[in-house]
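Down below is the structure, laid out as structure tokens.
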Amino acid sequence: MRRFLSWQGLSVAWLLASPSFCTTGLLADFQVDLQDWTVAYNKSVAAVATLSDADKIRLISGQSVPSIRFEPLTSNDGSQGLESFFYVSSFPESSAMAQTWDPELIRAGFHAVGQEFYDKGYTMVNGPTTGPQGRTPWSGRLVETLGQDVYLAGIAFAHATAGIRDAGVIPCGKHFLLNEQETNRSEVYWIDNAVTVPRNNTAYSSNADDKTLHEAYLWPFYDGVKAGLGAIMCAMNRVNGSYACENPALLNQILKTELAFPGFVTPDTSGQHTALGSANGGLDFGAASFWNNQTLLPALANGTLSQARLDDMAVRNLMPYFQQGLDTKSPPPVRSATDPIDVRANHRALIREAGGAAITLVKNTNDALPLARPRSIAVFGANARPSLIGPGTTMDDVHTHTTWPGHLVFSGGSGMGSPSYVVTPYDALLDKAQAHGTQMMWALDDTLPEIEYVAVTGTAGTSAPPTFAGYASAVETCLVFINAWSGEGNDRSELRNAAQDAMIRTVADHCNNTIVSVTTVGARLLDAWIAHPNVTAVLYSSLLGEQSGNALVDVLYGAVNPSAKLTHTIARHESDYPVPVCMAADCDFVDGVHLDYKYFDRYNITPRYEFGFGLSYTTFGYSAPAVGGADEAALARRGATGVLAPGGKVDLWDEVLRVRFTLTNTGARAGAEVAQLYVSFPDEAAQPMRQLRGFKKVFLGVGEEAQVVFSLRRRDLSYWDVVSQEWLVARGQYRFYVGASSRDLRGDVSFIVS
């Protein structure tokens with residue numbers, strides 16, 4: 001039985017009956033400033049007016065419409081580059097791009113992805129991705145997303161969207177909404193990662209109240225819609241009992257009215273379940289098996305589908321087509337995956353730059369890094385070497401292990417890449433060893449068989465025993481490379497790995513300069529060895545794409561000064577995280593808005609490394625912050641009063657306040673710092689203790705200083721009021737904290753809104 005969304009006692013059924021709300025989501029039914037979509041809207045309306053209903057049905061089900069010379073959009077995964085093609089690039093995963101905290105670099109990376117899509121004949125990218133948002137660290141697809149904070153994810157989502165648009169390709173944001181795990185996400189679920197079993201023919205239901213939905217999950221989609229998403233992919237799961245792709249309150253009222261989304265909604269795989277339920281529920285693009293003359297023409301005749309709704313679906317499908325100028329271009333045809341059409345340009349340089357910028361230094365005892373031409377090194381772990389087969393399409397989510405048997409550069413399913421080659425840490429270290437004359441040894445697996453070693457006597461020396469301990473004892477610097485795997489279709493079963501942890505401890509027991517590199521798809525616990533006195537340095541990154549080895553060695557040897565910051569909390573224990581994978585049909589989001597660091601702050605849990613943390617090879621000083629530029633007239637208005645436009649009411653995006661301070665490079669190297677701004681709200685807003693509301697990545701030379709200014713928009717100081725159904729500015733004291741992480745706060749200042 002279907003049910004309405006219900007928020008904290010306020011029924012959306014009541015909201016939809018209110019004359020102040022558009023109940024249909026039809027563009028023609030409410031006033032919206034379409035801004036740069038206006039020309040596309042007018043073209044779309046004019047084109048649809050010439051079509052028969054049968055042609056409109058062809059249009060919304062992905063078929064050619066010769067009368068308007070329309071050919072269906074071509075789409076593919078994903079944000080890290082085209083899947084299953086030769087002569088394309090494999091870019092860093094979205095989670096790695098977010099770890100750079102560099103909006104312009106994110107935009108450039110996604111622009112390059114869009115260029116390769118277009119040059120291979122694709123007109124839409126199934127991405128960028130901002131859901132799952134990170135309710136549970138065991139979620140299998142966090143590797144594809146943009147961090148576990150909605151503000152950071154929103155900024156990254158907007159720049160990724162803009163980058164794809166700049167390339168002339170339609171960005172399709174996903175997943176809408178509350179798609180927080182892979183287990184039971186659709187009619188089937190996975191047992192032992194292989195066997196599929198029906199489960200009551202329903203997907204799990206994410207049950208969240210109105211405040212949680214808006215503040216903890218919907219927030220980044222405001223940014224994406226404002227930045228120009230042409231399509232949004234609704235999720236496989238249910239939301240408060242109704243399928244996300246057939247949910248009128250979610251799609252018609254929230255997405256299309258509140259956010260004024262002008263493009264089309266398209267389903268994730270198996271997200272569409274019925275013909276009329278999906279059409280009236282807000283889906284705009286669907287399968288011909290559901291939407292055809294036999295199902296929709298009778299519905300038009302008997303009034304169960306309105307003419308206005310069919311027309312709106314057709315208009316929405318055409319709007320991004322016209323908005324991207326695809327009616328005036330001739331994209332190359334999609335050809336065979338192995339056709340020798342090389343679209344890589346010089347993207348390898350950008351991939352290497354982004355990779356270096358995405359590596360977080362979390363430990364560096366006694367300046368163990370950067371390396372200074374060590375005389376001898378030993379390299380350990382499967383993550384340092386190539387996989388036994390690759391880099392083709394065999395590396396998908398059919399893999400059933402929790403670690404990858406080779407260097408990990410992309411994940412599975414929609415997170416899969418198609419590198420033409422992979423530069424591993426071993427490859428890049430070998431180049432360094434040759435250039436520096438370094439003695440280099442290697443043991444490139446996570447376990448070694450027990451070998452009885454008999455020393456050779458009567459010679460000038462004794463060879464190192466072929467064991468972790470033997471090789472670690474023979475050199476001055478040990479480099480250990482580990483990874484954690486996940487991907488679409490499966491959630492994670494562990495946040496640590498016994499074999500890898502044992503390898504690190506063994507190496508560290510015999511080598512007093514052990515440096516660990518972690519390549520991971522999300523949170524990876526480090527406490528089994530992080531406090532070992534011989535573990536002198538630790539690098540932590542997501543999946544870095546085809547140039548991964550070069551990027552890691554750039555940081556190890558100091559060609560790149562690390563500047564990345566963590567985009568999620570690394571706990572000390574699994575039990576520190578609040579939410580496991582939900583195995584029930586109904587998953588109640590009782591944790592509310594307290595995701596990741598907000599939960600750790602609320603319950604005063606000490607993490608191993610907090611959200612926003614990251615070291616550098618230099619140091620930075622922060623002056624006391626100051627508040628200025630307050631728009632008193634705007635702050636006097638509780639809610640936004642501007643006209644509705646894509647991304648919500650226009651004055652939600654107006655600057656209302658500034659916080660500034662001076663940042664100084666106090667160390668001996670040039671480098672970049674990601675300065676962060678956290679805000680505490682007045683009590684009436686019922687917000688977390690502190691939450692991110694600004695960041696700037698600032699590059700400074702030795703001794704150089706710069707004034708950092710955080711611009712706060714109305715939405716940054718607003719909370720979602722479930723009664724008025726508006727974003728409101730609270731009355732009372734706001735406190736602003738500047739610092740190097742969510743817990744390394746260097747100064748604060750307060751401001752009262754009265």
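Just remember, in the structure tokens the first chain shown is A, the second B, etc., residues are 1-based per chain, and ligands are 1-based in the order shown.
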Write out as CSV the residues of range 348-459 of chain A that have any atom within 12 Å of an atom of range 616-623 of chain A, one row each with the nearest atom pair and its distance in Å to one decimal, counting only C-alpha atoms, sorted by chain and then rising number.
residue,atom,partner,partner_atom,distance
A:Ala357,CA,A:Ser616,CA,11.4
A:Ile359,CA,A:Ser616,CA,10.6
A:Thr360,CA,A:Ser616,CA,8.5
A:Leu361,CA,A:Ser616,CA,6.7
A:Val362,CA,A:Ser616,CA,8.9
A:Lys363,CA,A:Ser616,CA,9.7
A:Asn364,CA,A:Tyr617,CA,8.7
A:Thr365,CA,A:Tyr617,CA,11.3
A:Asn366,CA,A:Tyr617,CA,11.2
A:Asp367,CA,A:Tyr617,CA,7.9
A:Ala368,CA,A:Tyr617,CA,10.1
A:Leu369,CA,A:Tyr617,CA,7.7
A:Pro370,CA,A:Tyr617,CA,7.6
A:Leu371,CA,A:Tyr617,CA,11.3
With N, CA and C atoms retained, export the selected residues as a PDB file, in the first residue's frame.
ATOM      1  N   ALA A 357      46.596  16.358  -5.349  1.00  0.00           N
ATOM      2  CA  ALA A 357      45.823  17.270  -4.503  1.00  0.00           C
ATOM      3  C   ALA A 357      44.804  16.548  -3.643  1.00  0.00           C
ATOM      4  N   ILE A 359      45.409  13.615  -1.900  1.00  0.00           N
ATOM      5  CA  ILE A 359      46.062  12.720  -0.941  1.00  0.00           C
ATOM      6  C   ILE A 359      46.252  13.456   0.380  1.00  0.00           C
ATOM      7  N   THR A 360      45.679  12.905   1.439  1.00  0.00           N
ATOM      8  CA  THR A 360      45.751  13.522   2.759  1.00  0.00           C
ATOM      9  C   THR A 360      46.886  12.910   3.567  1.00  0.00           C
ATOM     10  N   LEU A 361      47.714  13.767   4.112  1.00  0.00           N
ATOM     11  CA  LEU A 361      48.755  13.352   5.049  1.00  0.00           C
ATOM     12  C   LEU A 361      48.154  13.384   6.448  1.00  0.00           C
ATOM     13  N   VAL A 362      48.001  12.208   7.077  1.00  0.00           N
ATOM     14  CA  VAL A 362      47.369  12.182   8.398  1.00  0.00           C
ATOM     15  C   VAL A 362      48.370  11.964   9.531  1.00  0.00           C
ATOM     16  N   LYS A 363      49.583  11.507   9.206  1.00  0.00           N
ATOM     17  CA  LYS A 363      50.620  11.348  10.233  1.00  0.00           C
ATOM     18  C   LYS A 363      51.973  11.613   9.589  1.00  0.00           C
ATOM     19  N   ASN A 364      52.844  12.322  10.313  1.00  0.00           N
ATOM     20  CA  ASN A 364      54.190  12.585   9.800  1.00  0.00           C
ATOM     21  C   ASN A 364      55.119  12.870  10.968  1.00  0.00           C
ATOM     22  N   THR A 365      55.594  11.803  11.604  1.00  0.00           N
ATOM     23  CA  THR A 365      56.431  11.914  12.790  1.00  0.00           C
ATOM     24  C   THR A 365      57.857  12.266  12.400  1.00  0.00           C
ATOM     25  N   ASN A 366      58.394  13.288  13.067  1.00  0.00           N
ATOM     26  CA  ASN A 366      59.793  13.692  12.850  1.00  0.00           C
ATOM     27  C   ASN A 366      60.113  13.952  11.381  1.00  0.00           C
ATOM     28  N   ASP A 367      59.127  14.490  10.668  1.00  0.00           N
ATOM     29  CA  ASP A 367      59.324  14.844   9.250  1.00  0.00           C
ATOM     30  C   ASP A 367      59.846  13.669   8.436  1.00  0.00           C
ATOM     31  N   ALA A 368      59.215  12.517   8.643  1.00  0.00           N
ATOM     32  CA  ALA A 368      59.584  11.340   7.852  1.00  0.00           C
ATOM     33  C   ALA A 368      59.360  11.579   6.371  1.00  0.00           C
ATOM     34  N   LEU A 369      58.377  12.362   6.052  1.00  0.00           N
ATOM     35  CA  LEU A 369      58.104  12.777   4.678  1.00  0.00           C
ATOM     36  C   LEU A 369      58.303  14.276   4.567  1.00  0.00           C
ATOM     37  N   PRO A 370      58.728  14.752   3.401  1.00  0.00           N
ATOM     38  CA  PRO A 370      58.990  13.989   2.175  1.00  0.00           C
ATOM     39  C   PRO A 370      60.302  13.212   2.233  1.00  0.00           C
ATOM     40  N   LEU A 371      60.355  12.177   1.414  1.00  0.00           N
ATOM     41  CA  LEU A 371      61.559  11.365   1.329  1.00  0.00           C
ATOM     42  C   LEU A 371      62.696  12.169   0.688  1.00  0.00           C
TER      43      LEU A 371
END
At a cut-off of 8 Å, can you tabulate as CSV every residue of range 586-685 of chain A near range 741-753 of chain A together with its closest atom pair and the distance in Å to one decimal, using only C-alpha atoms and ordering rows by chain then number?
residue,atom,partner,partner_atom,distance
A:Tyr597,CA,A:Ser742,CA,7.6
A:Glu610,CA,A:Ser742,CA,6.6
A:Phe611,CA,A:Ser742,CA,5.8
A:Gly612,CA,A:Ser741,CA,4.2
A:Phe613,CA,A:Ser741,CA,4.8
A:Gly614,CA,A:Ser741,CA,7.7
A:Tyr622,CA,A:Arg746,CA,6.3
A:Ser623,CA,A:Gly747,CA,7.4
A:Ala624,CA,A:Gly747,CA,5.4
A:Pro625,CA,A:Asp748,CA,6.1
A:Ala626,CA,A:Val749,CA,6.3
A:Val627,CA,A:Val749,CA,7.1
A:Leu635,CA,A:Val753,CA,6.9
A:Ala636,CA,A:Val753,CA,7.7
A:Ala675,CA,A:Ser741,CA,7.9
A:Gln676,CA,A:Ser741,CA,6.6
A:Tyr678,CA,A:Ser742,CA,7.3
Quick one: residues within 12 Å of Glu684 in chain A, only C-alpha atoms, excluding same-chain residues fewer than 6 positions away - as an NGL selection string? :A and (718-721 or 728-734)
Residue selection dump (all heavy atoms) as an mmCIF file, in the first residue's frame:
data_model
loop_
_atom_site.group_PDB
_atom_site.id
_atom_site.type_symbol
_atom_site.label_atom_id
_atom_site.label_comp_id
_atom_site.auth_asym_id
_atom_site.auth_seq_id
_atom_site.Cartn_x
_atom_site.Cartn_y
_atom_site.Cartn_z
ATOM 1 N N SER A 718 20.320 29.438 7.485
ATOM 2 C CA SER A 718 18.906 29.078 7.610
ATOM 3 C C SER A 718 18.745 27.636 8.064
ATOM 4 O O SER A 718 19.620 26.791 7.844
ATOM 5 C CB SER A 718 18.190 29.267 6.268
ATOM 6 O OG SER A 718 18.202 30.621 5.866
ATOM 7 N N TYR A 719 17.616 27.374 8.684
ATOM 8 C CA TYR A 719 17.212 26.015 9.033
ATOM 9 C C TYR A 719 15.851 25.755 8.400
ATOM 10 O O TYR A 719 15.112 26.688 8.056
ATOM 11 C CB TYR A 719 17.144 25.827 10.555
ATOM 12 C CG TYR A 719 16.024 26.593 11.225
ATOM 13 C CD1 TYR A 719 14.812 25.967 11.527
ATOM 14 C CD2 TYR A 719 16.166 27.946 11.574
ATOM 15 C CE1 TYR A 719 13.776 26.658 12.137
ATOM 16 C CE2 TYR A 719 15.142 28.639 12.178
ATOM 17 C CZ TYR A 719 13.945 27.999 12.463
ATOM 18 O OH TYR A 719 12.915 28.685 13.053
ATOM 19 N N TRP A 720 15.505 24.480 8.235
ATOM 20 C CA TRP A 720 14.225 24.142 7.619
ATOM 21 C C TRP A 720 13.134 24.107 8.685
ATOM 22 O O TRP A 720 13.217 23.337 9.642
ATOM 23 C CB TRP A 720 14.298 22.812 6.893
ATOM 24 C CG TRP A 720 13.000 22.451 6.220
ATOM 25 C CD1 TRP A 720 12.093 21.517 6.608
ATOM 26 C CD2 TRP A 720 12.457 23.062 5.039
ATOM 27 N NE1 TRP A 720 11.030 21.490 5.746
ATOM 28 C CE2 TRP A 720 11.218 22.432 4.773
ATOM 29 C CE3 TRP A 720 12.902 24.075 4.190
ATOM 30 C CZ2 TRP A 720 10.425 22.792 3.681
ATOM 31 C CZ3 TRP A 720 12.104 24.420 3.104
ATOM 32 C CH2 TRP A 720 10.880 23.780 2.859
ATOM 33 N N ASP A 721 12.137 24.959 8.507
ATOM 34 C CA ASP A 721 11.016 25.027 9.442
ATOM 35 C C ASP A 721 9.875 24.166 8.909
ATOM 36 O O ASP A 721 9.335 24.441 7.832
ATOM 37 C CB ASP A 721 10.550 26.473 9.609
ATOM 38 C CG ASP A 721 9.412 26.593 10.588
ATOM 39 O OD1 ASP A 721 9.616 26.300 11.776
ATOM 40 O OD2 ASP A 721 8.286 26.942 10.151
ATOM 41 N N LEU A 728 14.282 29.312 7.230
ATOM 42 C CA LEU A 728 14.191 30.500 8.070
ATOM 43 C C LEU A 728 15.529 30.798 8.731
ATOM 44 O O LEU A 728 16.279 29.883 9.095
ATOM 45 C CB LEU A 728 13.139 30.307 9.167
ATOM 46 C CG LEU A 728 11.694 30.030 8.725
ATOM 47 C CD1 LEU A 728 10.792 29.947 9.952
ATOM 48 C CD2 LEU A 728 11.201 31.096 7.754
ATOM 49 N N VAL A 729 15.810 32.095 8.926
ATOM 50 C CA VAL A 729 16.962 32.540 9.695
ATOM 51 C C VAL A 729 16.549 32.628 11.152
ATOM 52 O O VAL A 729 15.567 33.304 11.487
ATOM 53 C CB VAL A 729 17.477 33.900 9.193
ATOM 54 C CG1 VAL A 729 18.607 34.415 10.084
ATOM 55 C CG2 VAL A 729 17.949 33.790 7.745
ATOM 56 N N ALA A 730 17.271 31.935 12.014
ATOM 57 C CA ALA A 730 16.929 31.915 13.437
ATOM 58 C C ALA A 730 17.292 33.245 14.095
ATOM 59 O O ALA A 730 18.163 33.981 13.619
ATOM 60 C CB ALA A 730 17.651 30.770 14.135
ATOM 61 N N ARG A 731 16.630 33.535 15.190
ATOM 62 C CA ARG A 731 16.933 34.712 16.000
ATOM 63 C C ARG A 731 17.820 34.296 17.169
ATOM 64 O O ARG A 731 17.573 33.284 17.815
ATOM 65 C CB ARG A 731 15.638 35.352 16.520
ATOM 66 C CG ARG A 731 14.749 35.902 15.398
ATOM 67 C CD ARG A 731 15.484 37.008 14.642
ATOM 68 N NE ARG A 731 14.684 37.580 13.560
ATOM 69 C CZ ARG A 731 14.974 37.421 12.278
ATOM 70 N NH1 ARG A 731 15.982 36.667 11.921
ATOM 71 N NH2 ARG A 731 14.257 38.011 11.359
ATOM 72 N N GLY A 732 18.856 35.081 17.415
ATOM 73 C CA GLY A 732 19.744 34.780 18.516
ATOM 74 C C GLY A 732 21.199 34.798 18.080
ATOM 75 O O GLY A 732 21.550 35.383 17.052
ATOM 76 N N GLN A 733 22.055 34.138 18.867
ATOM 77 C CA GLN A 733 23.495 34.201 18.649
ATOM 78 C C GLN A 733 23.986 33.090 17.729
ATOM 79 O O GLN A 733 23.770 31.912 17.981
ATOM 80 C CB GLN A 733 24.233 34.104 19.982
ATOM 81 C CG GLN A 733 25.754 34.149 19.820
ATOM 82 C CD GLN A 733 26.487 34.145 21.135
ATOM 83 O OE1 GLN A 733 26.631 35.187 21.766
ATOM 84 N NE2 GLN A 733 26.948 32.983 21.555
ATOM 85 N N TYR A 734 24.663 33.513 16.663
ATOM 86 C CA TYR A 734 25.433 32.615 15.810
ATOM 87 C C TYR A 734 26.902 32.746 16.224
ATOM 88 O O TYR A 734 27.388 33.855 16.489
ATOM 89 C CB TYR A 734 25.304 32.994 14.341
ATOM 90 C CG TYR A 734 23.967 32.674 13.708
ATOM 91 C CD1 TYR A 734 22.866 33.506 13.888
ATOM 92 C CD2 TYR A 734 23.817 31.545 12.916
ATOM 93 C CE1 TYR A 734 21.647 33.215 13.291
ATOM 94 C CE2 TYR A 734 22.606 31.247 12.314
ATOM 95 C CZ TYR A 734 21.519 32.086 12.506
ATOM 96 O OH TYR A 734 20.320 31.783 11.913
#
Set the distance at 7 Å and use only C-alpha atoms: which residues neighbour range 135-145 of chain A once local chain neighbours fewer than 5 positions away are removed? I'd like the list as an MDAnalysis selection string. chainID A and resid 93:95 129:130 180:182 415 486:488 490:493 521:523 579:581 595
Using the selection just defined, write its residues with all heavy atoms as a short mmCIF file (atom, residue, chain, number, x, y, z; two decimals), in the first residue's frame.
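What follows is the written file selection31.cif:
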data_model
loop_
_atom_site.label_atom_id
_atom_site.label_comp_id
_atom_site.auth_asym_id
_atom_site.auth_seq_id
_atom_site.Cartn_x
_atom_site.Cartn_y
_atom_site.Cartn_z
N GLU A 93 38.11 9.07 -8.68
CA GLU A 93 36.72 8.96 -8.28
C GLU A 93 36.24 10.28 -7.67
O GLU A 93 37.03 11.09 -7.17
CB GLU A 93 36.55 7.83 -7.25
CG GLU A 93 36.79 6.44 -7.81
CD GLU A 93 35.59 5.86 -8.54
OE1 GLU A 93 34.53 6.52 -8.57
OE2 GLU A 93 35.72 4.74 -9.08
N SER A 94 34.93 10.48 -7.68
CA SER A 94 34.36 11.72 -7.14
C SER A 94 34.79 11.96 -5.70
O SER A 94 35.03 13.10 -5.28
CB SER A 94 32.84 11.67 -7.23
OG SER A 94 32.41 11.59 -8.57
N SER A 95 34.86 10.89 -4.91
CA SER A 95 35.26 11.05 -3.51
C SER A 95 36.68 11.58 -3.41
O SER A 95 37.01 12.33 -2.47
CB SER A 95 35.13 9.72 -2.78
OG SER A 95 35.78 8.68 -3.49
N THR A 129 27.42 12.52 -8.72
CA THR A 129 26.68 11.78 -7.71
C THR A 129 26.89 12.40 -6.33
O THR A 129 28.02 12.64 -5.93
CB THR A 129 27.16 10.31 -7.68
OG1 THR A 129 26.98 9.74 -8.97
CG2 THR A 129 26.40 9.50 -6.65
N THR A 130 25.78 12.63 -5.63
CA THR A 130 25.87 13.12 -4.26
C THR A 130 25.03 12.30 -3.30
O THR A 130 24.89 12.66 -2.14
CB THR A 130 25.46 14.61 -4.17
OG1 THR A 130 25.74 15.10 -2.85
CG2 THR A 130 23.99 14.80 -4.49
N GLU A 180 20.86 5.27 0.60
CA GLU A 180 22.01 5.27 1.51
C GLU A 180 22.72 3.93 1.65
O GLU A 180 23.67 3.82 2.42
CB GLU A 180 21.57 5.79 2.88
CG GLU A 180 21.26 7.28 2.87
CD GLU A 180 22.46 8.13 2.48
OE1 GLU A 180 23.52 7.99 3.11
OE2 GLU A 180 22.34 8.92 1.53
N GLN A 181 22.25 2.90 0.96
CA GLN A 181 22.95 1.61 1.01
C GLN A 181 22.58 0.81 -0.22
O GLN A 181 21.61 1.12 -0.92
CB GLN A 181 22.59 0.85 2.28
CG GLN A 181 21.12 0.47 2.38
CD GLN A 181 20.79 -0.27 3.66
OE1 GLN A 181 21.06 0.21 4.76
NE2 GLN A 181 20.20 -1.45 3.52
N GLU A 182 23.36 -0.24 -0.49
CA GLU A 182 23.10 -1.11 -1.63
C GLU A 182 22.25 -2.31 -1.25
O GLU A 182 21.48 -2.82 -2.06
CB GLU A 182 24.43 -1.59 -2.22
CG GLU A 182 25.26 -0.49 -2.87
CD GLU A 182 24.53 0.13 -4.05
OE1 GLU A 182 24.56 -0.43 -5.15
OE2 GLU A 182 23.90 1.20 -3.84
N GLY A 415 30.93 3.11 -10.67
CA GLY A 415 32.19 3.74 -10.31
C GLY A 415 33.38 3.16 -11.06
O GLY A 415 34.52 3.49 -10.74
N SER A 486 35.09 -1.51 -2.51
CA SER A 486 33.62 -1.66 -2.55
C SER A 486 33.16 -1.11 -3.89
O SER A 486 33.93 -0.53 -4.65
CB SER A 486 32.93 -0.91 -1.41
OG SER A 486 32.89 0.48 -1.64
N GLY A 487 31.88 -1.28 -4.16
CA GLY A 487 31.31 -0.77 -5.40
C GLY A 487 29.83 -1.03 -5.45
O GLY A 487 29.24 -1.59 -4.52
N GLU A 488 29.23 -0.61 -6.54
CA GLU A 488 27.78 -0.74 -6.70
C GLU A 488 27.36 -2.21 -6.57
O GLU A 488 28.01 -3.11 -7.08
CB GLU A 488 27.36 -0.21 -8.06
CG GLU A 488 25.86 -0.26 -8.28
CD GLU A 488 25.43 0.33 -9.61
OE1 GLU A 488 26.31 0.64 -10.44
OE2 GLU A 488 24.22 0.49 -9.82
N ASN A 490 26.97 -3.93 -3.72
CA ASN A 490 27.34 -4.56 -2.45
C ASN A 490 27.79 -3.51 -1.45
O ASN A 490 28.55 -2.60 -1.80
CB ASN A 490 28.49 -5.55 -2.65
CG ASN A 490 28.15 -6.65 -3.61
OD1 ASN A 490 27.43 -7.57 -3.28
ND2 ASN A 490 28.66 -6.55 -4.83
N ASP A 491 27.32 -3.63 -0.23
CA ASP A 491 27.85 -2.81 0.84
C ASP A 491 29.10 -3.47 1.42
O ASP A 491 29.38 -4.64 1.18
CB ASP A 491 26.79 -2.60 1.92
CG ASP A 491 25.65 -1.74 1.43
OD1 ASP A 491 25.93 -0.67 0.86
OD2 ASP A 491 24.47 -2.14 1.59
N ARG A 492 29.83 -2.71 2.20
CA ARG A 492 31.07 -3.21 2.77
C ARG A 492 30.78 -4.11 3.98
O ARG A 492 29.83 -3.88 4.73
CB ARG A 492 31.96 -2.04 3.19
CG ARG A 492 32.38 -1.17 2.03
CD ARG A 492 33.08 0.08 2.48
NE ARG A 492 34.39 -0.22 3.06
CZ ARG A 492 35.16 0.70 3.64
NH1 ARG A 492 34.73 1.95 3.74
NH2 ARG A 492 36.34 0.36 4.13
N SER A 493 31.62 -5.10 4.16
CA SER A 493 31.49 -6.00 5.30
C SER A 493 32.55 -5.76 6.36
O SER A 493 32.48 -6.33 7.45
CB SER A 493 31.56 -7.46 4.84
OG SER A 493 32.82 -7.71 4.22
N VAL A 521 37.93 3.22 -0.28
CA VAL A 521 36.64 3.64 -0.85
C VAL A 521 35.78 4.39 0.16
O VAL A 521 34.63 4.71 -0.12
CB VAL A 521 35.88 2.42 -1.37
CG1 VAL A 521 36.57 1.84 -2.59
CG2 VAL A 521 35.76 1.34 -0.28
N GLY A 522 36.28 4.66 1.32
CA GLY A 522 35.54 5.34 2.38
C GLY A 522 36.36 5.27 3.64
O GLY A 522 37.59 5.23 3.62
N ALA A 523 35.66 5.20 4.77
CA ALA A 523 36.37 5.11 6.05
C ALA A 523 37.13 3.79 6.13
O ALA A 523 36.61 2.73 5.82
CB ALA A 523 35.38 5.23 7.20
N VAL A 579 25.44 3.95 12.65
CA VAL A 579 24.46 3.27 11.81
C VAL A 579 25.10 2.14 11.02
O VAL A 579 25.97 2.39 10.18
CB VAL A 579 23.79 4.26 10.84
CG1 VAL A 579 22.77 3.54 9.96
CG2 VAL A 579 23.12 5.40 11.59
N PRO A 580 24.68 0.89 11.23
CA PRO A 580 25.12 -0.20 10.37
C PRO A 580 24.25 -0.27 9.12
O PRO A 580 23.31 0.52 8.95
CB PRO A 580 24.89 -1.43 11.26
CG PRO A 580 23.69 -1.06 12.08
CD PRO A 580 23.81 0.43 12.33
N VAL A 581 24.54 -1.20 8.24
CA VAL A 581 23.67 -1.45 7.09
C VAL A 581 22.32 -1.95 7.60
O VAL A 581 22.26 -2.82 8.47
CB VAL A 581 24.31 -2.45 6.13
CG1 VAL A 581 23.34 -2.88 5.03
CG2 VAL A 581 25.58 -1.86 5.51
N LEU A 595 24.88 13.43 10.87
CA LEU A 595 25.72 12.54 10.07
C LEU A 595 27.19 12.82 10.35
O LEU A 595 27.61 13.95 10.60
CB LEU A 595 25.45 12.73 8.58
CG LEU A 595 24.03 12.52 8.08
CD1 LEU A 595 23.99 12.63 6.57
CD2 LEU A 595 23.46 11.21 8.54
#
Please return as a CSV table (one decimal) with N, CA and C atoms, in the first residue's frame: the residues of range 395-503 of chain A that backbone DSSP assigns to strand (DSSP E or B).
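As a result, out.csv now contains:
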chain,number,residue,atom,x,y,z
A,412,GLY,N,33.6,-0.4,-8.5
A,412,GLY,CA,32.8,-1.3,-9.3
A,412,GLY,C,31.5,-0.6,-9.7
A,439,GLN,N,68.7,1.3,-3.7
A,439,GLN,CA,68.4,-0.1,-3.6
A,439,GLN,C,66.9,-0.3,-3.3
A,440,MET,N,66.2,-1.1,-4.2
A,440,MET,CA,64.8,-1.3,-4.1
A,440,MET,C,64.5,-2.8,-4.0
A,441,MET,N,63.7,-3.1,-2.9
A,441,MET,CA,63.2,-4.5,-2.8
A,441,MET,C,61.7,-4.5,-2.7
A,442,TRP,N,61.1,-5.6,-2.9
A,442,TRP,CA,59.6,-5.6,-2.9
A,442,TRP,C,59.1,-7.0,-2.5
A,443,ALA,N,57.9,-6.9,-1.9
A,443,ALA,CA,57.1,-8.1,-1.5
A,443,ALA,C,55.7,-7.7,-1.7
A,477,THR,N,64.1,2.5,4.7
A,477,THR,CA,62.8,3.0,4.5
A,477,THR,C,61.8,1.9,4.0
A,478,CYS,N,60.7,1.7,4.7
A,478,CYS,CA,59.7,0.7,4.2
A,478,CYS,C,58.4,1.5,3.8
A,479,LEU,N,57.9,1.1,2.7
A,479,LEU,CA,56.7,1.7,2.1
A,479,LEU,C,55.6,0.6,2.0
A,480,VAL,N,54.5,0.7,2.7
A,480,VAL,CA,53.5,-0.3,2.7
A,480,VAL,C,52.2,0.3,2.1
A,481,PHE,N,51.7,-0.4,1.1
A,481,PHE,CA,50.5,0.0,0.4
A,481,PHE,C,49.3,-0.9,0.6
A,482,ILE,N,48.2,-0.4,1.1
A,482,ILE,CA,47.0,-1.2,1.4
A,482,ILE,C,45.8,-0.5,0.7
A,483,ASN,N,44.7,-1.3,0.6
A,483,ASN,CA,43.5,-0.7,0.0
A,483,ASN,C,42.3,-1.3,0.6
A,487,GLY,N,31.9,-1.3,-4.2
A,487,GLY,CA,31.3,-0.8,-5.4
A,487,GLY,C,29.8,-1.0,-5.5
A,490,ASN,N,27.0,-3.9,-3.7
A,490,ASN,CA,27.3,-4.6,-2.4
A,490,ASN,C,27.8,-3.5,-1.5
Pick the closest to Leu105 in chain A from A:Gly549, A:Gly629, A:Gly355, A:Gly271: which is it, counting only C-alpha atoms?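 Once distances to Leu105 in chain A are computed over only C-alpha atoms, the minimum belongs to A:Gly355.
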For Lys598 in chain A, which residue out of A:Val150, A:Ala640, A:Ala645, A:Ala96 is the nearest one, using only C-alpha atoms?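 Among the listed residues, the smallest separation from Lys598 in chain A belongs to A:Val150.
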